[in-house]
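Next comes target19.csv, a file with CSV, C-alpha atoms and all ligand atoms.
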```
chain,number,residue,atom,x,y,z
C,205,MET,CA,86.1,127.6,98.6
C,206,PRO,CA,86.3,131.3,97.9
C,207,ARG,CA,86.4,133.2,101.2
C,208,GLY,CA,83.3,135.2,100.4
C,209,ALA,CA,81.2,132.1,99.8
C,210,ARG,CA,82.2,130.6,103.1
C,211,GLU,CA,81.4,133.8,105.0
C,212,GLU,CA,77.9,133.9,103.6
C,213,ARG,CA,77.1,130.3,104.7
C,214,ARG,CA,75.6,130.2,108.1
C,215,LEU,CA,77.2,127.7,110.5
C,216,ASN,CA,74.8,125.0,111.7
C,217,VAL,CA,75.1,124.5,115.4
C,218,ALA,CA,73.8,121.7,117.6
C,219,VAL,CA,73.6,122.3,121.4
C,220,LEU,CA,73.2,119.7,124.1
C,221,SER,CA,71.4,121.5,126.9
C,222,GLY,CA,69.8,121.0,130.3
C,223,GLY,CA,67.4,123.5,131.8
C,224,VAL,CA,68.2,126.9,133.3
C,225,GLY,CA,71.9,127.2,132.7
C,226,GLY,CA,71.5,125.6,129.3
C,227,ALA,CA,68.6,127.8,128.4
C,228,ARG,CA,70.6,131.0,129.2
C,229,PHE,CA,73.4,129.8,127.0
C,230,VAL,CA,71.1,128.7,124.2
C,231,ARG,CA,69.6,132.2,124.0
C,232,GLY,CA,73.1,133.5,123.5
C,233,VAL,CA,73.8,130.9,120.8
C,234,VAL,CA,70.6,131.8,119.0
C,235,ASP,CA,71.5,135.5,119.1
C,236,VAL,CA,74.9,134.9,117.5
C,237,ALA,CA,74.4,131.9,115.2
C,238,GLY,CA,70.8,132.6,114.2
C,239,ALA,CA,67.7,130.7,115.2
C,240,SER,CA,67.2,128.8,112.0
C,241,ALA,CA,70.8,127.5,112.2
C,242,THR,CA,70.5,126.3,115.8
C,243,SER,CA,69.2,122.9,116.9
C,244,VAL,CA,69.0,122.1,120.6
C,245,ILE,CA,68.9,118.6,122.0
C,246,GLY,CA,67.3,118.8,125.4
C,247,ASN,CA,67.3,116.7,128.5
C,248,VAL,CA,64.2,114.6,129.4
C,249,GLY,CA,65.7,112.7,132.4
C,250,ASP,CA,64.0,115.3,134.7
C,251,ASP,CA,60.6,114.7,133.2
C,252,VAL,CA,57.9,114.0,135.8
C,253,GLU,CA,54.2,113.3,136.1
C,254,VAL,CA,52.5,115.6,138.6
C,255,LEU,CA,48.8,115.9,139.1
C,256,GLY,CA,48.3,113.7,136.0
C,257,LEU,CA,50.3,116.1,133.9
C,258,HIS,CA,53.5,115.4,132.0
C,259,ILE,CA,56.1,118.0,132.9
C,260,SER,CA,59.3,118.4,130.9
C,261,PRO,CA,61.1,121.1,133.0
C,262,ASP,CA,64.3,121.4,130.9
C,263,LEU,CA,62.5,121.5,127.5
C,264,ASP,CA,60.2,124.2,129.0
C,265,SER,CA,63.1,126.3,130.4
C,266,ILE,CA,64.5,126.4,126.9
C,267,LEU,CA,61.1,127.1,125.3
C,268,TYR,CA,60.4,129.9,127.7
C,269,ALA,CA,63.8,131.4,127.4
C,270,LEU,CA,63.7,131.4,123.6
C,271,ALA,CA,60.2,132.7,123.5
C,272,GLY,CA,61.1,135.6,125.9
C,273,LEU,CA,58.7,134.3,128.5
C,274,ALA,CA,61.1,133.1,131.2
C,275,ASP,CA,61.2,134.6,134.7
C,276,GLU,CA,64.8,135.8,134.9
C,277,GLN,CA,64.7,136.7,138.6
C,278,ARG,CA,63.3,133.4,139.8
C,279,GLY,CA,65.4,131.5,137.3
C,280,TRP,CA,62.7,129.0,136.2
C,281,GLY,CA,59.1,129.1,135.0
C,282,ARG,CA,57.3,131.9,133.3
C,283,SER,CA,57.4,135.6,134.1
C,284,ASP,CA,54.2,137.4,135.2
C,285,GLU,CA,53.1,134.1,136.8
C,286,SER,CA,50.3,133.5,139.3
C,287,TRP,CA,49.7,130.5,141.5
C,288,HIS,CA,45.9,130.2,142.0
C,289,ALA,CA,45.6,126.7,140.7
C,290,LEU,CA,48.5,125.5,143.0
C,291,GLU,CA,46.8,127.3,146.0
C,292,THR,CA,43.6,125.3,145.3
C,293,VAL,CA,45.6,122.1,145.0
C,294,SER,CA,47.1,122.7,148.4
C,295,ALA,CA,43.8,123.7,150.0
C,296,LEU,CA,42.3,120.5,148.7
C,297,GLY,CA,45.2,118.4,150.1
C,298,GLY,CA,46.5,117.6,146.5
C,299,GLU,CA,50.0,117.0,145.3
C,300,ASP,CA,51.7,120.4,145.7
C,301,TRP,CA,55.4,119.7,146.2
C,302,PHE,CA,56.2,120.6,142.6
C,303,ALA,CA,55.5,124.3,141.9
C,304,LEU,CA,53.4,124.8,138.8
C,305,GLY,CA,52.2,128.3,138.0
C,306,ASP,CA,48.9,129.1,136.3
C,307,ARG,CA,50.4,130.1,132.9
C,308,ASP,CA,52.9,127.2,133.0
C,309,LEU,CA,50.0,124.8,133.7
C,310,GLY,CA,48.4,125.8,130.4
C,311,LEU,CA,51.4,124.4,128.5
C,312,HIS,CA,51.4,121.2,130.5
C,313,LEU,CA,47.7,120.6,129.8
C,314,VAL,CA,48.3,120.9,126.0
C,315,ARG,CA,51.3,118.6,126.1
C,316,THR,CA,49.7,116.0,128.3
C,317,GLN,CA,46.6,115.8,126.1
C,318,ALA,CA,48.8,115.5,123.0
C,319,LEU,CA,50.8,112.6,124.6
C,320,HIS,CA,47.6,110.9,125.7
C,321,SER,CA,46.3,111.1,122.2
C,322,GLY,CA,49.4,109.4,120.9
C,323,GLU,CA,51.5,112.4,119.7
C,324,SER,CA,55.2,112.0,120.4
C,325,LEU,CA,57.1,114.3,122.8
C,326,SER,CA,59.2,115.6,119.9
C,327,ALA,CA,56.1,116.4,117.8
C,328,VAL,CA,54.2,118.2,120.6
C,329,THR,CA,57.4,120.1,121.5
C,330,ALA,CA,57.8,121.3,117.9
C,331,ARG,CA,54.2,122.3,117.9
C,332,LEU,CA,54.5,124.3,121.2
C,333,ALA,CA,57.7,125.9,119.9
C,334,ARG,CA,56.0,127.0,116.7
C,335,ALA,CA,53.0,128.4,118.6
C,336,LEU,CA,55.4,130.4,120.9
C,337,GLY,CA,57.2,131.8,117.9
C,338,VAL,CA,60.4,129.8,118.6
C,339,VAL,CA,62.3,129.3,115.4
C,340,ALA,CA,65.3,127.3,116.7
C,341,ARG,CA,64.7,123.5,116.6
C,342,LEU,CA,64.1,122.1,120.0
C,343,LEU,CA,64.4,118.3,120.1
C,344,PRO,CA,64.0,116.1,123.2
C,345,ALA,CA,66.9,113.7,123.4
C,346,THR,CA,64.4,110.9,123.1
C,347,ASP,CA,60.7,110.3,122.7
C,348,ASP,CA,61.1,107.1,124.8
C,349,ARG,CA,60.8,107.0,128.5
C,350,LEU,CA,64.1,107.9,130.1
C,351,ARG,CA,64.3,108.9,133.8
C,352,THR,CA,67.2,109.9,135.9
C,353,TRP,CA,67.6,108.2,139.3
C,354,LEU,CA,70.1,109.2,142.1
C,355,GLU,CA,71.6,106.7,144.4
C,356,THR,CA,72.2,108.3,147.8
C,357,PRO,CA,73.1,107.2,151.3
C,358,ALA,CA,69.4,107.7,152.1
C,359,GLY,CA,68.3,105.5,149.2
C,360,ALA,CA,67.5,105.8,145.5
C,361,PHE,CA,65.3,108.7,144.4
C,362,PRO,CA,63.8,109.7,141.0
C,363,PHE,CA,65.4,113.0,139.9
C,364,GLN,CA,62.6,115.4,141.0
C,365,GLU,CA,62.1,113.8,144.3
C,366,TRP,CA,65.8,114.2,145.1
C,367,PHE,CA,66.1,117.7,143.5
C,368,VAL,CA,62.8,119.4,144.5
C,369,ALA,CA,61.2,117.4,147.3
C,370,ARG,CA,64.5,116.8,149.2
C,371,GLY,CA,66.2,120.0,148.0
C,372,HIS,CA,69.1,117.9,146.6
C,373,ARG,CA,70.5,117.6,150.2
C,374,ASP,CA,71.6,114.0,149.8
C,375,GLU,CA,75.0,113.3,148.5
C,376,VAL,CA,75.0,111.4,145.3
C,377,ASP,CA,76.9,108.1,145.0
C,378,ALA,CA,75.7,107.2,141.5
C,379,VAL,CA,73.4,108.4,138.7
C,380,ARG,CA,71.5,106.0,136.6
C,381,PHE,CA,69.1,106.4,133.7
C,382,GLU,CA,66.1,104.2,133.7
C,383,GLY,CA,65.1,103.3,130.1
C,384,SER,CA,68.4,104.4,128.5
C,385,GLU,CA,69.2,101.0,127.0
C,386,ALA,CA,66.1,101.0,124.9
C,387,ALA,CA,65.9,104.8,124.3
C,388,ARG,CA,66.3,105.9,120.6
C,389,PRO,CA,67.1,109.5,119.7
C,390,ALA,CA,64.0,111.5,118.9
C,391,PRO,CA,63.5,112.2,115.1
C,392,GLY,CA,65.9,114.9,114.0
C,393,GLY,CA,68.4,114.4,116.8
C,394,LEU,CA,71.0,112.4,114.8
C,395,ASP,CA,70.5,114.7,111.7
C,396,ALA,CA,71.1,117.7,113.9
C,397,LEU,CA,74.4,116.3,115.0
C,398,ALA,CA,75.4,115.0,111.5
C,399,GLY,CA,74.5,118.4,109.9
C,400,ALA,CA,76.2,120.5,112.5
C,401,ASP,CA,79.4,122.5,111.7
C,402,LEU,CA,79.9,122.8,115.5
C,403,ILE,CA,78.5,120.9,118.4
C,404,LEU,CA,78.2,122.7,121.8
C,405,VAL,CA,77.6,121.3,125.3
C,406,ALA,CA,75.9,124.0,127.3
C,407,PRO,CA,77.2,124.9,130.8
C,408,SER,CA,74.7,122.5,132.3
C,409,ASN,CA,75.1,119.9,135.0
C,410,PRO,CA,77.3,117.2,133.4
C,411,TYR,CA,75.7,114.4,135.5
C,412,VAL,CA,72.0,115.1,135.6
C,413,SER,CA,71.5,117.4,132.6
C,414,VAL,CA,73.9,116.4,129.9
C,415,GLY,CA,74.4,112.8,131.3
C,416,PRO,CA,70.9,111.7,130.4
C,417,ILE,CA,71.3,113.0,126.8
C,418,LEU,CA,74.6,111.1,126.4
C,419,ALA,CA,72.9,108.0,127.9
C,420,VAL,CA,71.0,107.7,124.6
C,421,ARG,CA,73.5,105.4,123.0
C,422,GLU,CA,73.1,106.6,119.4
C,423,LEU,CA,73.5,110.2,120.5
C,424,ARG,CA,76.7,109.4,122.3
C,425,ALA,CA,78.0,107.4,119.4
C,426,ALA,CA,77.3,110.3,117.0
C,427,LEU,CA,79.4,112.5,119.2
C,428,VAL,CA,82.2,109.9,119.4
C,429,ARG,CA,82.4,109.7,115.6
C,430,ARG,CA,81.9,113.5,114.9
C,431,ARG,CA,83.9,115.1,112.2
C,432,VAL,CA,83.4,118.6,113.6
C,433,PRO,CA,84.6,120.3,116.8
C,434,CYS,CA,82.6,119.8,120.0
C,435,VAL,CA,83.0,122.4,122.6
C,436,ALA,CA,81.7,122.2,126.1
C,437,VAL,CA,81.2,125.2,128.5
C,438,SER,CA,82.0,124.5,132.1
C,439,PRO,CA,79.1,125.2,134.5
C,440,LEU,CA,81.6,126.0,137.3
C,441,ILE,CA,83.2,129.3,138.1
C,442,GLY,CA,86.1,129.2,140.5
C,443,GLY,CA,85.3,125.6,141.1
C,444,ARG,CA,81.8,126.4,142.3
C,445,ALA,CA,78.5,125.9,140.6
C,446,VAL,CA,76.7,129.2,139.9
C,447,LYS,CA,73.6,127.4,141.2
C,448,GLY,CA,72.7,123.8,142.1
C,449,PRO,CA,74.6,120.7,143.0
C,450,ALA,CA,77.1,120.3,140.1
C,451,ASP,CA,80.1,121.2,142.3
C,452,ARG,CA,79.1,118.8,145.1
C,453,MET,CA,78.5,116.1,142.6
C,454,LEU,CA,81.8,116.6,140.8
C,455,HIS,CA,83.6,116.6,144.1
C,456,ARG,CA,82.1,113.3,145.2
C,457,LEU,CA,81.9,111.5,141.9
C,458,ALA,CA,85.0,112.8,140.0
C,459,GLY,CA,87.2,113.8,142.9
C,460,GLY,CA,87.4,117.5,142.3
C,461,THR,CA,86.0,120.6,140.6
C,462,SER,CA,88.9,121.7,138.4
C,463,PRO,CA,88.5,122.0,134.6
C,464,ARG,CA,90.0,118.5,134.2
C,465,HIS,CA,87.2,117.0,136.4
C,466,VAL,CA,84.6,118.7,134.2
C,467,ALA,CA,86.4,117.5,131.0
C,468,GLY,CA,86.5,114.1,132.5
C,469,CYS,CA,82.7,113.9,132.3
C,470,TYR,CA,83.1,114.2,128.5
C,471,THR,CA,86.1,112.0,127.7
C,472,GLY,CA,86.3,111.3,124.0
C,473,LEU,CA,83.4,113.6,123.3
C,474,ILE,CA,84.8,117.2,123.4
C,475,ASP,CA,87.7,119.0,121.7
C,476,ALA,CA,87.7,122.1,123.8
C,477,LEU,CA,86.4,123.3,127.2
C,478,VAL,CA,85.4,126.9,127.8
C,479,VAL,CA,86.4,127.7,131.4
C,480,ASP,CA,86.1,130.8,133.4
C,481,GLU,CA,89.0,133.2,134.1
C,482,ALA,CA,88.6,132.2,137.8
C,483,ASP,CA,89.7,128.7,136.9
C,484,ALA,CA,92.5,129.6,134.5
C,485,ASP,CA,95.3,128.8,137.0
C,486,ASP,CA,94.3,125.2,137.2
C,487,LEU,CA,94.4,123.9,133.6
C,488,ASP,CA,96.6,120.8,134.1
C,489,GLY,CA,95.4,117.4,133.1
C,490,LEU,CA,93.2,118.4,130.3
C,491,GLY,CA,95.0,116.1,127.8
C,492,ASP,CA,93.7,116.6,124.3
C,493,VAL,CA,91.0,119.0,125.4
C,494,ARG,CA,91.9,122.6,124.6
C,495,PRO,CA,91.0,125.1,127.3
C,496,ILE,CA,89.4,128.4,126.1
C,497,VAL,CA,89.5,130.9,128.9
C,498,THR,CA,87.0,133.7,129.2
C,499,ARG,CA,84.4,135.1,131.5
C,500,THR,CA,81.5,132.7,131.7
C,501,LEU,CA,79.0,134.3,134.0
C,502,MET,CA,75.8,134.9,131.9
C,503,SER,CA,74.6,137.9,134.0
C,504,ASP,CA,72.8,139.6,131.1
C,505,ALA,CA,72.2,139.4,127.4
C,506,ASP,CA,75.6,140.8,126.5
C,507,ALA,CA,77.4,138.3,128.7
C,508,ARG,CA,75.3,135.5,127.2
C,509,ARG,CA,76.2,136.6,123.7
C,510,ARG,CA,79.9,137.1,124.4
C,511,LEU,CA,80.1,133.6,125.9
C,512,ALA,CA,78.3,132.1,122.8
C,513,GLU,CA,80.6,134.0,120.5
C,514,THR,CA,83.6,132.6,122.3
C,515,ALA,CA,82.3,129.0,122.1
C,516,LEU,CA,81.2,129.5,118.4
C,517,GLY,CA,84.6,130.9,117.6
C,518,ALA,CA,86.1,127.4,118.1
C,519,VAL,CA,85.1,126.4,114.6
C,520,PRO,CA,88.1,126.6,112.2
C,521,ALA,CA,87.6,129.4,109.6
C,601,LIG,P1,68.8,122.8,135.2
C,601,LIG,O1,68.5,121.7,134.3
C,601,LIG,O2,67.7,123.8,135.4
C,601,LIG,O3,69.4,122.4,136.5
C,601,LIG,O4,69.9,123.6,134.5
C,601,LIG,P2,71.3,123.2,133.8
C,601,LIG,O5,71.8,121.9,134.2
C,601,LIG,O6,71.2,123.5,132.4
C,601,LIG,O7,72.2,124.3,134.4
C,601,LIG,C1,72.6,124.2,135.8
C,601,LIG,C2,74.1,124.6,135.7
C,601,LIG,O8,74.2,125.9,135.1
C,601,LIG,C3,74.7,124.8,137.1
C,601,LIG,O9,75.7,123.8,137.3
C,601,LIG,C4,75.3,126.2,137.1
C,601,LIG,O10,76.5,126.2,137.7
C,601,LIG,C5,75.3,126.5,135.6
C,601,LIG,N1,75.2,127.9,135.3
C,601,LIG,C6,74.1,128.7,135.6
C,601,LIG,N2,74.3,130.0,135.2
C,601,LIG,C7,75.6,130.0,134.7
C,601,LIG,C8,76.4,131.0,134.2
C,601,LIG,O11,76.0,132.2,134.1
C,601,LIG,N3,77.7,130.6,133.8
C,601,LIG,C9,78.1,129.3,133.9
C,601,LIG,N4,79.4,129.1,133.4
C,601,LIG,N5,77.4,128.4,134.4
C,601,LIG,C10,76.1,128.7,134.8
C,602,CA,CA,67.2,119.9,134.7
```
Translate this structure into structure tokens?
Amino acid sequence: MPRGAREERRLNVAVLSGGVGGARFVRGVVDVAGASATSVIGNVGDDVEVLGLHISPDLDSILYALAGLADEQRGWGRSDESWHALETVSALGGEDWFALGDRDLGLHLVRTQALHSGESLSAVTARLARALGVVARLLPATDDRLRTWLETPAGAFPFQEWFVARGHRDEVDAVRFEGSEAARPAPGGLDALAGADLILVAPSNPYVSVGPILAVRELRAALVRRRVPCVAVSPLIGGRAVKGPADRMLHRLAGGTSPRHVAGCYTGLIDALVVDEADADDLDGLGDVRPIVTRTLMSDADARRRLAETALGAVPA
């Protein structure tokens, strides 16, 4: 192919993403690769029913990030949020353990009604994205019911009960995905992977954010048989999670927090791992996985873009 022709063609990118860490990275990818060339396959293992509403926290983090509505200080939910509905719920003795802001609630109302009327999660997600002006394709990993459970010394908990209600204080002995055997990829998911020139795994929690996506058998199989590079970004900096329990989980479940332990979560699925400079002295044991060392803290839009450029640079010219 003449060089000019290749340069004009946009690279199609598919990103596997969890919530907050993933959403930050996806924003960078969209900035660099272009929204219409980007498909995101999002985690639904965290989905939860609260107050009769269907909440998809990870899909919403991505939606809000791409729509420019996310609260960057708090790290989740919408900016310019208020909490009157939740105050009323508390005052009435209702279910108030899961924080839902007033603006956020509006989205959950629309989604829940759509699901009750028989619309699929992927269809209503696409509709919400369109309404919010989000051009990138956002696909739930599955439209089927798939829920993450944590086995801990204190018992087994559904994801949000462990993460939010118990503040992820319990050590995790095992993660399982209820419904994964029967779960089919949502429409568009396999096409997004098959049509991608590059597949990226966001710096999301490998066990509870990317794990539930890979628990959808056909999605995992599509990654195994990929003909294009797949590049993961480590969620750890200096062996520590920027936020959340990823480091503790890796320590207990994989035996350490070095790049090889992160790569070990994606055996056979990735060709390269983007690791932070702070982890560059510990690159042993990566096997076939090529390390790409850079600064990975997404502290602002420039940092997000630079990280996305590095990950996207892994595609052969
Ligand atoms: P959640 O679903 O909201 O928990 O979000 P994710 O699983 O997508 O992201 C959580 C992970 O993102 C954590 O393990 C963090 O360490 C990681 N993370 C957050 N911010 C950054 C960052 O700026 N750089 C890197 N490398 N990882 C980050
Ligand atoms: Ca999540």
(Q) So, with all atoms listed in the file as the atoms that count, which of C:Tyr268, C:Trp280, C:Trp287, C:Tyr470 lies closest to ligand CA 602 (chain C)? (A) C:Trp280
Q: Could you check how far atom CA of Asp308 of chain C sits from atom CA of Leu290 of chain C, in Å to one decimal?
A: 11.1 Å
Q: Quick one: pull the distance between atom CA of Ser438 of chain C and atom CA of Ile417 of chain C, Å, one decimal.
A: 16.6 Å
Q: Go ahead and compute the interatomic distance for atom CA of Gly297 of chain C and atom CA of Glu285 of chain C, in Å to one decimal.
A: 22.0 Å
Q | Distance filter 6 Å around ligand CA 602 (chain C), atoms: only C-alpha atoms and all ligand atoms, out as a ChimeraX atom specification | A | /C:222-223,250,262,413
Kindly export the residues of the current selection with C-alpha atoms, as a PDB file, keeping the file's coordinate frame.
```pdb
ATOM      1  CA  GLY C 222      69.800 121.000 130.300  1.00  0.00           C
ATOM      2  CA  GLY C 223      67.400 123.500 131.800  1.00  0.00           C
ATOM      3  CA  ASP C 250      64.000 115.300 134.700  1.00  0.00           C
ATOM      4  CA  ASP C 262      64.300 121.400 130.900  1.00  0.00           C
ATOM      5  CA  SER C 413      71.500 117.400 132.600  1.00  0.00           C
TER       6      SER C 413
END
```
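Within the 12 Å cut-off around Gly442 of chain C, using all atoms listed in the file and omitting residues fewer than 3 positions from it on the same chain, the listed residues are Ser438, Pro439, Ala445, Val446, Asp451, Gly460, Thr461, Ser462, Pro463, Val479, Asp480, Glu481, Ala482, Asp483, Ala484, Asp485, Asp486, Arg499, Thr500 and Leu501 of chain C.
Once only C-alpha atoms are considered, the residues situated within 12 Å of the file point (85.7, 117.5, 142.8) turn out to be Leu440, Gly442, Gly443, Arg444, Ala445, Pro449, Ala450, Asp451, Arg452, Met453, Leu454, His455, Arg456, Leu457, Ala458, Gly459, Gly460, Thr461, Ser462, Pro463, Arg464, His465, Val466, Ala467, Gly468 and Cys469 of chain C.
The residue that comes closest to Ile403 of chain C, out of C:Ala340, C:Ala515, C:Ala269, C:Met502 and on the basis of all atoms listed in the file, is C:Ala515.
Each of C:Val219, C:Val224, C:Val236, C:Cys434 was checked against ligand LIG 601 (chain C) using only C-alpha atoms and all ligand atoms; the smallest atom-to-atom distance is that of C:Val224.
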